[in-house]
file my_file-v8.pdb (PDB, C-alpha atoms)
ATOM      1  CA  MET A  26     -19.100 128.014 166.304
ATOM      2  CA  PRO A  27     -17.172 130.152 163.852
ATOM      3  CA  VAL A  28     -18.933 130.829 160.585
ATOM      4  CA  ASP A  29     -15.798 130.217 158.540
ATOM      5  CA  GLY A  30     -15.654 126.544 159.585
ATOM      6  CA  SER A  31     -12.458 126.883 161.598
ATOM      7  CA  SER A  32     -12.212 125.491 165.102
ATOM      8  CA  PRO A  33     -13.299 127.898 167.824
ATOM      9  CA  VAL A  34     -10.570 129.567 169.859
ATOM     10  CA  LEU A  35     -11.775 129.397 173.444
ATOM     11  CA  LEU A  36     -10.248 131.651 176.075
ATOM     12  CA  ASP A  37      -9.830 130.885 179.750
ATOM     13  CA  GLY A  38      -7.555 131.566 182.696
ATOM     14  CA  ASP A  39      -4.441 133.660 182.133
ATOM     15  CA  GLU A  40      -4.995 133.731 178.395
ATOM     16  CA  TRP A  41      -8.368 135.445 178.958
ATOM     17  CA  LYS A  42      -7.031 137.765 181.677
ATOM     18  CA  ALA A  43      -4.289 138.924 179.304
ATOM     19  CA  TYR A  44      -6.859 140.721 177.143
ATOM     20  CA  PHE A  45      -7.724 142.969 180.097
ATOM     21  CA  ARG A  46      -4.097 143.472 181.034
ATOM     22  CA  ASP A  47      -2.692 144.088 177.545
ATOM     23  CA  PHE A  48      -5.185 146.166 175.557
ATOM     24  CA  LYS A  49      -3.618 149.410 174.345
ATOM     25  CA  ARG A  50      -6.461 151.912 173.850
ATOM     26  CA  SER A  51      -9.968 150.670 174.523
ATOM     27  CA  ALA A  52     -12.145 147.865 175.776
ATOM     28  CA  PHE A  53     -15.881 147.877 175.042
ATOM     29  CA  ARG A  54     -18.457 145.380 176.299
ATOM     30  CA  LEU A  55     -22.008 144.919 175.078
ATOM     31  CA  GLU A  56     -24.121 143.184 177.750
ATOM     32  CA  VAL A  57     -27.458 141.975 176.419
ATOM     33  CA  HIS A  58     -28.605 139.350 178.920
ATOM     34  CA  GLN A  59     -30.843 140.239 181.835
ATOM     35  CA  THR A  60     -29.441 137.550 184.119
ATOM     36  CA  TYR A  61     -25.961 136.133 184.475
ATOM     37  CA  THR A  62     -25.335 133.071 186.613
ATOM     38  CA  MET A  63     -21.661 133.281 187.415
ATOM     39  CA  PRO A  64     -20.277 130.899 190.066
ATOM     40  CA  ALA A  65     -17.799 133.523 191.309
ATOM     41  CA  GLU A  66     -20.707 135.885 192.032
ATOM     42  CA  ALA A  67     -23.136 133.381 193.545
ATOM     43  CA  GLU A  68     -22.393 134.262 197.163
ATOM     44  CA  THR A  69     -22.500 138.035 196.702
ATOM     45  CA  VAL A  70     -25.703 137.873 194.642
ATOM     46  CA  ARG A  71     -27.255 135.706 197.360
ATOM     47  CA  ASP A  72     -26.142 138.198 200.032
ATOM     48  CA  PHE A  73     -27.513 141.138 198.035
ATOM     49  CA  LEU A  74     -30.874 139.432 197.547
ATOM     50  CA  ALA A  75     -31.008 138.633 201.276
ATOM     51  CA  GLY A  76     -30.624 142.333 202.080
ATOM     52  CA  ALA A  77     -27.037 142.245 203.329
ATOM     53  CA  SER A  78     -24.815 145.293 203.193
ATOM     54  CA  MET A  79     -22.213 145.448 200.471
ATOM     55  CA  PRO A  80     -18.927 144.152 201.887
ATOM     56  CA  ASP A  81     -16.015 146.553 202.353
ATOM     57  CA  GLY A  82     -13.646 146.374 199.422
ATOM     58  CA  PHE A  83     -16.278 144.767 197.204
ATOM     59  CA  ASN A  84     -14.863 144.201 193.698
ATOM     60  CA  ALA A  85     -11.612 145.987 194.632
ATOM     61  CA  PRO A  86      -9.338 144.031 192.235
ATOM     62  CA  TRP A  87     -11.558 144.887 189.246
ATOM     63  CA  HIS A  88     -11.746 148.534 190.332
ATOM     64  CA  GLN A  89      -7.950 148.631 190.510
ATOM     65  CA  THR A  90      -7.796 147.275 186.949
ATOM     66  CA  ILE A  91     -10.165 150.010 185.762
ATOM     67  CA  ARG A  92      -8.236 152.736 187.624
ATOM     68  CA  GLY A  93      -4.943 151.533 186.171
ATOM     69  CA  HIS A  94      -6.248 151.680 182.620
ATOM     70  CA  ALA A  95      -7.869 155.080 183.181
ATOM     71  CA  ALA A  96      -4.624 156.474 184.618
ATOM     72  CA  ALA A  97      -2.788 155.242 181.516
ATOM     73  CA  GLY A  98      -5.338 156.889 179.194
ATOM     74  CA  ARG A  99      -7.039 153.657 178.145
ATOM     75  CA  THR A 100     -10.846 153.580 178.116
ATOM     76  CA  MET A 101     -13.199 150.923 179.404
ATOM     77  CA  THR A 102     -16.815 151.271 178.267
ATOM     78  CA  ARG A 103     -19.899 149.124 178.666
ATOM     79  CA  ALA A 104     -23.376 149.287 177.244
ATOM     80  CA  LYS A 105     -25.872 147.280 179.319
ATOM     81  CA  VAL A 106     -29.218 146.469 177.694
ATOM     82  CA  VAL A 107     -32.064 146.413 180.226
ATOM     83  CA  ARG A 108     -35.781 145.862 180.287
ATOM     84  CA  ARG A 109     -37.957 146.811 183.257
ATOM     85  CA  PRO A 110     -38.800 145.507 185.678
ATOM     86  CA  LEU A 111     -35.146 144.823 186.338
ATOM     87  CA  THR A 112     -34.257 141.223 187.088
ATOM     88  CA  PRO A 113     -32.824 140.469 190.537
ATOM     89  CA  TYR A 114     -29.402 140.130 188.893
ATOM     90  CA  SER A 115     -29.704 143.523 187.188
ATOM     91  CA  ARG A 116     -30.716 145.080 190.519
ATOM     92  CA  TYR A 117     -27.548 143.564 192.009
ATOM     93  CA  LEU A 118     -25.495 145.122 189.194
ATOM     94  CA  PHE A 119     -27.155 148.510 189.596
ATOM     95  CA  GLU A 120     -26.745 148.652 193.368
ATOM     96  CA  TRP A 121     -23.496 146.803 194.103
ATOM     97  CA  CYS A 122     -21.437 146.553 190.921
ATOM     98  CA  ILE A 123     -21.895 149.408 188.482
ATOM     99  CA  PRO A 124     -21.485 152.348 190.920
ATOM    100  CA  GLY A 125     -18.010 151.143 191.942
ATOM    101  CA  ASN A 126     -17.022 150.518 188.326
ATOM    102  CA  VAL A 127     -18.092 154.046 187.389
ATOM    103  CA  ALA A 128     -16.278 155.548 190.387
ATOM    104  CA  ALA A 129     -13.126 153.692 189.283
ATOM    105  CA  GLY A 130     -13.350 155.214 185.786
ATOM    106  CA  GLU A 131     -15.453 152.881 183.633
ATOM    107  CA  ASN A 132     -17.873 154.540 181.226
ATOM    108  CA  TYR A 133     -21.033 152.532 181.924
ATOM    109  CA  GLN A 134     -24.021 153.196 179.667
ATOM    110  CA  ILE A 135     -27.587 151.883 179.908
ATOM    111  CA  VAL A 136     -29.716 150.979 176.878
ATOM    112  CA  ASP A 137     -33.303 150.658 178.139
ATOM    113  CA  LEU A 138     -35.483 148.728 175.682
ATOM    114  CA  THR A 139     -38.545 148.562 177.950
ATOM    115  CA  GLU A 140     -40.696 150.896 175.889
ATOM    116  CA  ARG A 141     -38.957 150.835 172.523
ATOM    117  CA  PRO A 142     -37.872 148.239 170.008
ATOM    118  CA  ASN A 143     -34.340 146.998 169.782
ATOM    119  CA  PRO A 144     -32.576 149.492 167.478
ATOM    120  CA  GLY A 145     -30.622 146.677 165.803
ATOM    121  CA  LEU A 146     -28.293 145.417 168.520
ATOM    122  CA  PRO A 147     -27.318 141.748 168.434
ATOM    123  CA  GLU A 148     -28.434 139.210 171.035
ATOM    124  CA  GLN A 149     -24.751 138.417 171.641
ATOM    125  CA  ASP A 150     -22.549 139.658 174.455
ATOM    126  CA  PHE A 151     -19.063 140.602 173.322
ATOM    127  CA  TRP A 152     -15.912 142.458 174.240
ATOM    128  CA  LEU A 153     -14.218 144.587 171.585
ATOM    129  CA  PHE A 154     -10.568 145.323 172.404
ATOM    130  CA  ASP A 155      -8.678 148.135 170.645
ATOM    131  CA  GLU A 156     -11.310 148.227 167.911
ATOM    132  CA  SER A 157      -9.680 145.146 166.406
ATOM    133  CA  THR A 158     -10.203 142.049 168.581
ATOM    134  CA  VAL A 159     -13.620 140.523 169.316
ATOM    135  CA  VAL A 160     -14.444 137.980 171.986
ATOM    136  CA  HIS A 161     -17.955 136.540 172.214
ATOM    137  CA  LEU A 162     -19.258 135.659 175.651
ATOM    138  CA  ASN A 163     -21.613 132.726 175.138
ATOM    139  CA  TYR A 164     -24.346 131.927 177.661
ATOM    140  CA  ARG A 165     -27.111 129.415 178.253
ATOM    141  CA  PRO A 166     -30.654 130.805 178.567
ATOM    142  CA  ASP A 167     -30.324 130.773 182.385
ATOM    143  CA  GLY A 168     -27.298 133.079 182.186
ATOM    144  CA  THR A 169     -24.634 130.458 182.830
ATOM    145  CA  GLN A 170     -21.547 131.167 180.766
ATOM    146  CA  ILE A 171     -20.704 128.444 178.266
ATOM    147  CA  ASN A 172     -17.409 129.895 177.053
ATOM    148  CA  ARG A 173     -15.473 132.896 175.769
ATOM    149  CA  GLU A 174     -14.687 132.639 172.082
ATOM    150  CA  LEU A 175     -12.089 134.680 170.232
ATOM    151  CA  ILE A 176     -13.654 135.522 166.885
ATOM    152  CA  GLN A 177     -11.217 134.845 164.079
ATOM    153  CA  ASN A 178     -11.312 137.343 161.226
ATOM    154  CA  PRO A 179     -14.270 139.315 162.605
ATOM    155  CA  ASP A 180     -16.155 141.839 160.510
ATOM    156  CA  ILE A 181     -14.804 144.717 162.626
ATOM    157  CA  ASP A 182     -17.022 147.279 160.928
ATOM    158  CA  LYS A 183     -20.089 145.350 162.120
ATOM    159  CA  TYR A 184     -18.871 145.326 165.743
ATOM    160  CA  LEU A 185     -17.913 148.995 165.600
ATOM    161  CA  ALA A 186     -21.379 149.792 164.235
ATOM    162  CA  TRP A 187     -23.003 147.801 167.070
ATOM    163  CA  ARG A 188     -20.815 149.614 169.600
ATOM    164  CA  ASP A 189     -21.749 152.992 168.144
ATOM    165  CA  LEU A 190     -25.441 152.097 167.948
ATOM    166  CA  ALA A 191     -25.449 150.931 171.568
ATOM    167  CA  LEU A 192     -23.789 154.118 172.753
ATOM    168  CA  GLU A 193     -26.100 156.321 170.652
ATOM    169  CA  SER A 194     -29.086 154.498 172.194
ATOM    170  CA  ALA A 195     -27.799 154.744 175.750
ATOM    171  CA  VAL A 196     -27.765 157.106 178.694
ATOM    172  CA  PRO A 197     -24.957 157.263 181.246
ATOM    173  CA  PHE A 198     -25.546 155.071 184.286
ATOM    174  CA  SER A 199     -25.472 158.177 186.490
ATOM    175  CA  ALA A 200     -28.447 159.638 184.528
ATOM    176  CA  TYR A 201     -30.500 156.429 184.355
ATOM    177  CA  ARG A 202     -33.537 156.139 186.607
ATOM    178  CA  THR A 203     -35.084 152.725 187.206
TER     179      THR A 203
END
call {"tool": "encode", "arguments": {"input": "my_file-v8.pdb", "output": "structure tokens"}}
result
Amino acid sequence: MPVDGSSPVLLDGDEWKAYFRDFKRSAFRLEVHQTYTMPAEAETVRDFLAGASMPDGFNAPWHQTIRGHAAAGRTMTRAKVVRRPLTPYSRYLFEWCIPGNVAAGENYQIVDLTERPNPGLPEQDFWLFDESTVVHLNYRPDGTQINRELIQNPDIDKYLAWRDLALESAVPFSAYRT
């Protein structure tokens, strides 16, 4: 719920997709949860955990989105907070999802907090678009998404500081060893 007492602005469908289509310079995501329970991923997570091979063309539409932004000079960056041992979902990300995202042009960074304290990052997933628009991704403890909330009048300096702190605390996915 917004701190300022206004009604939350929840994003879904085409309205949500527009943020990924229309950003002008940059999109940054902080991922803090160790497990996400997303209905659209249920089958592929199940297949991964059963030892199946990654399907041909896996995540191709998302990779095309990343490639399109990269070709236009727009950046997509993520900082994923992890703790070892990796959860089954994080193993799925590391083996099936992140490598393709990186190959498509996403700057994917890993913040490993296994053997160090949290440097001051929030316990809130968010996207920061063009260093001016913030969307919280709200989840239940089991990783099920509750909603996506556009933050009205965000303290942008706070989100920029969290972005910078995450990236300063991270290593590139390609250099991370589990």
call {"tool": "resolve_selection", "arguments": {"input": "my_file-v8.pdb", "expression": "the PyMOL selection byres ((chain A and resi 133-143) around 8)", "output": "number ranges by chain"}}
result
A: 102-109, 123, 126-127, 131-132, 144-146, 191-192, 194-198, 201
call {"tool": "closest_residue", "arguments": {"input": "my_file-v8.pdb", "among": "A:Asp182, A:Glu40, A:Glu56, A:Glu120", "to": "A:Ala77", "atoms": "all atoms listed in the file"}}
result
A:Glu120
call {"tool": "closest_residue", "arguments": {"input": "my_file-v8.pdb", "among": "A:Gly130, A:Pro147, A:Pro179, A:Pro166", "to": "A:Tyr61", "atoms": "only C-alpha atoms"}}
result
A:Pro166
call {"tool": "resolve_selection", "arguments": {"input": "my_file-v8.pdb", "expression": "the PyMOL selection byres ((chain A and resi 112) around 12)", "output": "ChimeraX atom specification"}}
result
/A:58-61,70,74,106-111,113-119,168,203
call {"tool": "resolve_selection", "arguments": {"input": "my_file-v8.pdb", "expression": "the PyMOL selection byres ((chain A and resi 155-164) around 9)", "output": "PyMOL selection string"}}
result
chain A and resi 36+48-53+58+61+149-154+165-179+181+184-185
call {"tool": "atom_distance", "arguments": {"input": "my_file-v8.pdb", "atom1": "atom CA of A:Met79", "atom2": "atom CA of A:Ala97"}}
result
28.9 Å
call {"tool": "atom_distance", "arguments": {"input": "my_file-v8.pdb", "atom1": "atom CA of A:His88", "atom2": "atom CA of A:Thr62"}}
result
20.9 Å
call {"tool": "closest_residue", "arguments": {"input": "my_file-v8.pdb", "among": "A:Gly76, A:Met63, A:Pro124, A:Leu35", "to": "A:Ala200", "atoms": "all atoms listed in the file"}}
result
A:Pro124
call {"tool": "atom_distance", "arguments": {"input": "my_file-v8.pdb", "atom1": "atom CA of A:Thr90", "atom2": "atom CA of A:Lys42"}}
result
10.9 Å
call {"tool": "closest_residue", "arguments": {"input": "my_file-v8.pdb", "among": "A:Arg92, A:Gly38, A:Ala129, A:Pro80", "to": "A:Glu68", "atoms": "all atoms listed in the file"}}
result
A:Pro80
call {"tool": "closest_residue", "arguments": {"input": "my_file-v8.pdb", "among": "A:Asp47, A:Val57, A:Trp121, A:Arg71", "to": "A:Glu148", "atoms": "only C-alpha atoms"}}
result
A:Val57
call {"tool": "axis_aligned_box", "arguments": {"input": "my_file-v8.pdb", "around": "stretch 120-138 of chain A", "padding_each_side": "5 Å", "output": "lines of an AutoDock Vina configuration file"}}
result
center_x = -24.3
center_y = 151.1
center_z = 184.9
size_x = 32.4
size_y = 19.0
size_z = 28.4
